[in-house]
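J.: Handing you this structure, nothing more for now.
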Amino acid sequence: MKKLLVIILFLSGCSQASYTPVKENEFAALLNIREPGLTFINKEGSVMAEWLFKDMYTGGVLFPDGNQLLLFGTELDYAAIYSISEGKELDRWEVPAGVTGAVYIKETDEVALSVKEDRSVHFFQTDGKEIKRVKTGKYPMTMLEHNKKLYVINYQDTVLSELDIYTHEVKRELAIPTSSTGMAVDKSKNEIWVGGHGYGPEAGETIHIYSLETGSLTATADAPVMPVAFTGKNGYMYAVSHGSNTIYAFDPDRKKIAQREAPANPFTISFFDDQIISAGYDSGKLSFYEEKTLTLLKTIKAGEGPFLIFVKDGDRDAAYIDR
Amino acid sequence: MMTLSKKLWLTFLVFVIVTVGSAFGLAYILYEKLYVDSVKEELVSTAKKLAYDYEGGELDQTFIDQVNWFSEKSHFEAFAVRNPRELAACIPYEADYDTLIGPEEREQLLQNKIIEETGYSERFDRQIISIIVPLLEDRKLNGIIYLYVPLERIDELASSLVIYWTAGAVVIMSFLLAAGMKWTRHLTKPLKDMQSAAVRLSKGDYSARVSERSNDELGMLSKTFNEMANAIETEDELRKTFLATVSHELRTPLSYIKGYSEAAMNGMEGKEKQIAIIHRESKRMERLVNDLLELIRLDSGKMKVDKMPLPFAEIVYRTVETFRPAAKNKMIHFDLNIDEDVIVNGDEGRLEQVMTNILDNAIRYSNKGGMIQITMIQEKETMKLLICDNGVGIQEEELPRITERFYRVNKARTRNDGGSGLGLSIVKQIIELHDGELRIESMEGEGTTVIILLPVLT
């Protein structure tokens, strides 16, 4: 099937490859790295479509319309905008090489790209025009927009930068451990959860929780080994640790209420409808869990090397983790 | 100077070094390959055995301790790793840390493949042979067993062998080189001998010879050298004899001329007789000089021979006619038996000279009232001319030397007879220039037969 698809892609012309359109209102799209492509899954856990790319995209962001998907590659000097419902590439933006993260800022209708080469965040209009560049720290990567602020983790630095989305200026810097990855905001407590790999040979086992008001560390949560991604809903927070292949559930009091084995080497976790899904980079499998209890519902085979999940969940805001 | 023996020895030296060196290298490679391969095999089987104890799930401390215990007891270094950071689990995130295994290795381990590596490890800062066995559970790389042996240990073992090797190589090389030196000396000795002999020859010592020790090329060369030296010596003897003879031959008429001319100057009586003697001796000298010139020309190959078809009978008749007066004086008869149809390809003047010289001898050594028989016949493609006299003849032992220059059978007598002692030498040379043959048969007191064989024109 994949081979056939490759052949079709090859034969379909040099400029514009076309892909199987996904018109459904709900899907989870897995970005695969080992075999570059996207795997579209429905709520029942069936594969709806598989897209294969020639270029290796390492990240992206699904626009709030739930249709346009921006994909970038750290080694590429462009970002591509795909229409999922039409199954084709719509546009290409010229971007600097070394893009490591992307986020859509709904309030300003801008896309922020973190770039490791110049240690900056670049702001683009939705037509692909760059409007601003702001230096943040060494290796900016994970980004999150909350309450008119853009939070940027500088992966090889010890600084979390807080930017004003209108002025694009760095307003505040929070001290965080190096090799931090993954972030989520707990709106109820106005706190931000930060995960990480650890430093040097020491694998990180702790989630650091900072007050967005004071900027200081308010709590920690154990989530061994190497928590790197979060999702949340109704006051509950879920984290995935790729070092121990484990997902954790925390109640609104930050108390660990459940933990479950995840697919091999998971880097991503997300809500899909009322289920939690997590994909294993090494095993290429996607598991569905019940929320709160983390009861394993099913595991399916998805693409090779899934690294990120983009979810379109009805009319819900796809770019936003709601807690 | 680079002598031949030095060159040979150097070639030998290079050959020995290359041979011993490549033998050493080959042995080392083989040793390393076999030994390192066997070590690798042992590492793999040991690592596998250790991995059997892993029963799935998270790698616990007991297992890690167990591997550590093994490491203490074994000559291999072993440890188990469960730290995902060391196992490159964070790829595709950029590595900010030098992990124990790389992404490619992780990929192989995930496929349950054992990794074998030989070379420098930055982690251990030394050369190692390492084996990594994955501890997998359904694509989950829960850990690895890492087994290695520092290469220095293997090298240490190799270096102890290298000492034996080097000692062996030195002994063998010294022996081979000493033997090689002796052998090349032995080989080149005949050449050295030959060189010194040649030096002696060039300085006039014609007795210089080399020993002929072998039958190989050098032995043949020695033999040829000796033959050459013999030839030079003989030629030198001949030259000396020739010079002595020429001087002697010239001195006799000169002393006559000197003596009789002094007598004439002093006004001694018998002037006419004195002048006649001076004249006769002058003529003899003239003839001697002419014959010598002729011979030298024949010898040096400068004598021009104009060959043309000739009826040989004519030459015979003509010469006989010339000698008739002289024969008549001694009352000698000619008996001719000539085949007049014989045609030879020759130089008329030279062949006439041949006849003249032979007839001159025949008449000179025939007694009064003798007979000279001349027979000429054609036998197949050869003309056979026999000139037969019944004169004094020649002793058998002197026959082989009769054609030598200045050789006289009866030295005192023949000189008085007016011969130069060169006649038959000239005859022989001319006949040979005509591709013919000269034979002389004789019985002392009964006469001599000169036989000339010449190719006939058909």
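Just remember, in the structure tokens the first chain shown is A, the second B, etc., residues are 1-based per chain, and ligands are 1-based in the order shown.
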Only residues of chain B matter here; which ones have an atom within 8 Å of chain A, counting only C-alpha atoms? Give them as a PyMOL selection string.

T.: chain B and resi 83-86+89-90+96-97+99+110+138-141

J.: Residues near Leu50 of chain B, anyone? I mean within 9 Å using only C-alpha atoms, not counting same-chain ones fewer than 6 positions away, as a PDB file with C-alpha atoms, in the first residue's frame.

T.:
ATOM      1  CA  GLN B  66      24.727  -9.638  38.667  1.00  0.00           C
ATOM      2  CA  VAL B  67      26.449  -8.343  35.543  1.00  0.00           C
ATOM      3  CA  PHE B  70      30.422 -11.246  36.513  1.00  0.00           C
ATOM      4  CA  ILE B 145      24.619  -5.514  28.204  1.00  0.00           C
TER       5      ILE B 145
END

J.: Mind checking DSSP for segment 105-216 of chain A and telling me the strand (DSSP E or B) residues as number ranges by chain?

T.: A: 105, 110-115, 120-125, 130-135, 140-146, 149-154, 159-164, 170-175, 180-186, 191-196, 206-211

J.: Please produce a file of the residues just selected, as a compact mmCIF listing (two decimals), in the first residue's frame, where the atoms kept are C-alpha atoms.

T.:
# COMPACT_ATOMS: atom_id res chain seq x y z
CA ILE A 105 -1.16 32.60 18.11
CA GLU A 110 0.51 34.89 13.72
CA VAL A 111 2.70 31.87 13.61
CA ALA A 112 5.77 31.78 15.83
CA LEU A 113 8.71 29.60 14.78
CA SER A 114 11.57 28.90 17.16
CA VAL A 115 14.94 28.77 15.39
CA SER A 120 15.41 33.47 18.18
CA VAL A 121 11.67 33.22 17.73
CA HIS A 122 10.46 34.42 14.32
CA PHE A 123 6.93 35.72 13.91
CA PHE A 124 5.13 35.19 10.62
CA GLN A 125 1.84 36.39 9.25
CA GLU A 130 8.04 37.39 8.51
CA ILE A 131 7.33 40.37 10.67
CA LYS A 132 9.55 40.10 13.69
CA ARG A 133 12.46 38.22 15.18
CA VAL A 134 13.15 38.06 18.91
CA LYS A 135 16.22 36.57 20.52
CA PRO A 140 14.59 27.72 21.67
CA MET A 141 12.26 24.80 21.09
CA THR A 142 8.99 24.08 22.91
CA MET A 143 6.49 26.94 22.71
CA LEU A 144 3.07 27.57 24.20
CA GLU A 145 0.70 30.51 24.03
CA HIS A 146 -1.34 31.41 27.07
CA LYS A 149 1.92 35.51 26.42
CA LEU A 150 4.17 33.21 24.46
CA TYR A 151 6.27 30.85 26.54
CA VAL A 152 9.48 29.51 25.01
CA ILE A 153 11.69 26.80 26.49
CA ASN A 154 15.33 27.24 25.52
CA VAL A 159 15.87 30.00 30.71
CA LEU A 160 12.16 29.93 29.90
CA SER A 161 11.30 33.11 28.01
CA GLU A 162 7.96 34.87 28.32
CA LEU A 163 7.10 37.09 25.33
CA ASP A 164 4.28 39.55 24.84
CA VAL A 170 10.69 39.29 26.09
CA LYS A 171 8.89 40.35 29.24
CA ARG A 172 10.28 37.88 31.74
CA GLU A 173 12.67 34.96 32.06
CA LEU A 174 12.13 31.98 34.34
CA ALA A 175 15.03 29.83 35.55
CA SER A 180 13.83 21.01 29.48
CA THR A 181 11.17 19.91 27.03
CA GLY A 182 7.40 19.94 27.07
CA MET A 183 5.13 22.42 28.73
CA ALA A 184 1.54 22.84 29.83
CA VAL A 185 -0.38 25.54 31.63
CA ASP A 186 -2.61 24.82 34.60
CA GLU A 191 1.03 27.49 36.88
CA ILE A 192 3.19 26.18 34.11
CA TRP A 193 4.44 22.57 34.03
CA VAL A 194 7.83 21.97 32.49
CA GLY A 195 9.26 18.54 31.60
CA GLY A 196 12.76 17.54 30.59
CA THR A 206 10.86 15.42 37.74
CA ILE A 207 8.27 17.81 36.38
CA HIS A 208 8.96 21.37 37.48
CA ILE A 209 5.95 23.52 38.18
CA TYR A 210 6.33 27.31 38.18
CA SER A 211 3.97 30.03 39.23

J.: If we count only C-alpha atoms and set the cut-off at 10 Å, which residues sit around segment 191-198 of chain B, ignoring sequence neighbours fewer than 3 positions away in its own chain? Please answer as a list of chain:residue names.

T.: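 Residues meeting the cut-off are B:Leu4, B:Ser5, B:Arg185, B:His186, B:Leu187, B:Thr188, B:Leu201, B:Ser202, B:Lys203, B:Gly204, B:Asp205, B:Tyr206, B:Ser207, B:Ala208, B:Arg209, B:Val210, B:Ser211, B:Leu218, B:Gly219, B:Leu221, B:Ser222, B:Phe225, B:Asn226, B:Ala229.
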
J.: Might you pull out every residue within 12 Å of Lys304 of chain B, with only C-alpha atoms counted and same-chain residues fewer than 6 positions away left off, and present them as a PyMOL selection string?

T.: chain B and resi 294+297-298+346-350+430+433-434

J.: Could you give me, as a PyMOL selection string, the residues within 6 Å of segment 441-458 of chain B, counting only C-alpha atoms and dropping anything in the same chain fewer than 3 positions from it?

T.: chain B and resi 343-344+381-395+436-438

J.: May I have the residues from that selection written out with N, CA and C atoms, as a CSV table (one decimal), in the first residue's frame?

T.:
chain,number,residue,atom,x,y,z
B,343,ILE,N,86.9,-24.7,-66.4
B,343,ILE,CA,86.8,-23.2,-66.3
B,343,ILE,C,86.7,-23.0,-64.8
B,344,VAL,N,87.5,-22.1,-64.3
B,344,VAL,CA,87.3,-21.7,-62.8
B,344,VAL,C,87.0,-20.2,-62.8
B,381,GLU,N,82.5,-31.2,-59.3
B,381,GLU,CA,82.5,-29.7,-59.4
B,381,GLU,C,83.8,-29.1,-59.0
B,382,THR,N,84.8,-30.0,-58.9
B,382,THR,CA,86.1,-29.6,-58.4
B,382,THR,C,87.2,-29.8,-59.5
B,383,MET,N,88.0,-28.8,-59.6
B,383,MET,CA,89.2,-29.0,-60.4
B,383,MET,C,90.3,-29.5,-59.6
B,384,LYS,N,91.0,-30.5,-60.1
B,384,LYS,CA,92.1,-31.1,-59.3
B,384,LYS,C,93.4,-31.0,-60.1
B,385,LEU,N,94.3,-30.2,-59.5
B,385,LEU,CA,95.6,-30.0,-60.3
B,385,LEU,C,96.7,-30.6,-59.4
B,386,LEU,N,97.4,-31.5,-60.0
B,386,LEU,CA,98.5,-32.2,-59.3
B,386,LEU,C,99.8,-31.8,-60.0
B,387,ILE,N,100.8,-31.3,-59.2
B,387,ILE,CA,102.1,-31.0,-59.7
B,387,ILE,C,103.1,-31.9,-59.0
B,388,CYS,N,103.6,-32.8,-59.7
B,388,CYS,CA,104.4,-33.9,-59.2
B,388,CYS,C,105.8,-33.8,-59.6
B,389,ASP,N,106.8,-33.8,-58.6
B,389,ASP,CA,108.2,-33.8,-59.0
B,389,ASP,C,108.8,-35.0,-58.4
B,390,ASN,N,110.0,-35.4,-58.9
B,390,ASN,CA,110.7,-36.5,-58.3
B,390,ASN,C,112.0,-36.0,-57.7
B,391,GLY,N,111.8,-34.9,-57.0
B,391,GLY,CA,112.9,-34.2,-56.4
B,391,GLY,C,113.3,-34.7,-55.0
B,392,VAL,N,113.8,-33.8,-54.1
B,392,VAL,CA,114.4,-34.3,-52.9
B,392,VAL,C,113.3,-34.7,-51.9
B,393,GLY,N,112.1,-34.1,-52.0
B,393,GLY,CA,111.0,-34.5,-51.1
B,393,GLY,C,111.2,-33.8,-49.7
B,394,ILE,N,110.2,-34.0,-48.9
B,394,ILE,CA,110.2,-33.3,-47.6
B,394,ILE,C,109.9,-34.4,-46.5
B,395,GLN,N,110.6,-34.2,-45.4
B,395,GLN,CA,110.4,-35.1,-44.3
B,395,GLN,C,109.0,-35.1,-43.8
B,436,GLY,N,89.4,-22.5,-52.3
B,436,GLY,CA,90.0,-23.8,-52.7
B,436,GLY,C,90.8,-24.4,-51.6
B,437,GLU,N,91.6,-25.5,-51.9
B,437,GLU,CA,92.3,-26.2,-50.9
B,437,GLU,C,93.7,-26.6,-51.4
B,438,LEU,N,94.7,-26.4,-50.5
B,438,LEU,CA,96.0,-26.8,-50.9
B,438,LEU,C,96.5,-28.0,-50.1
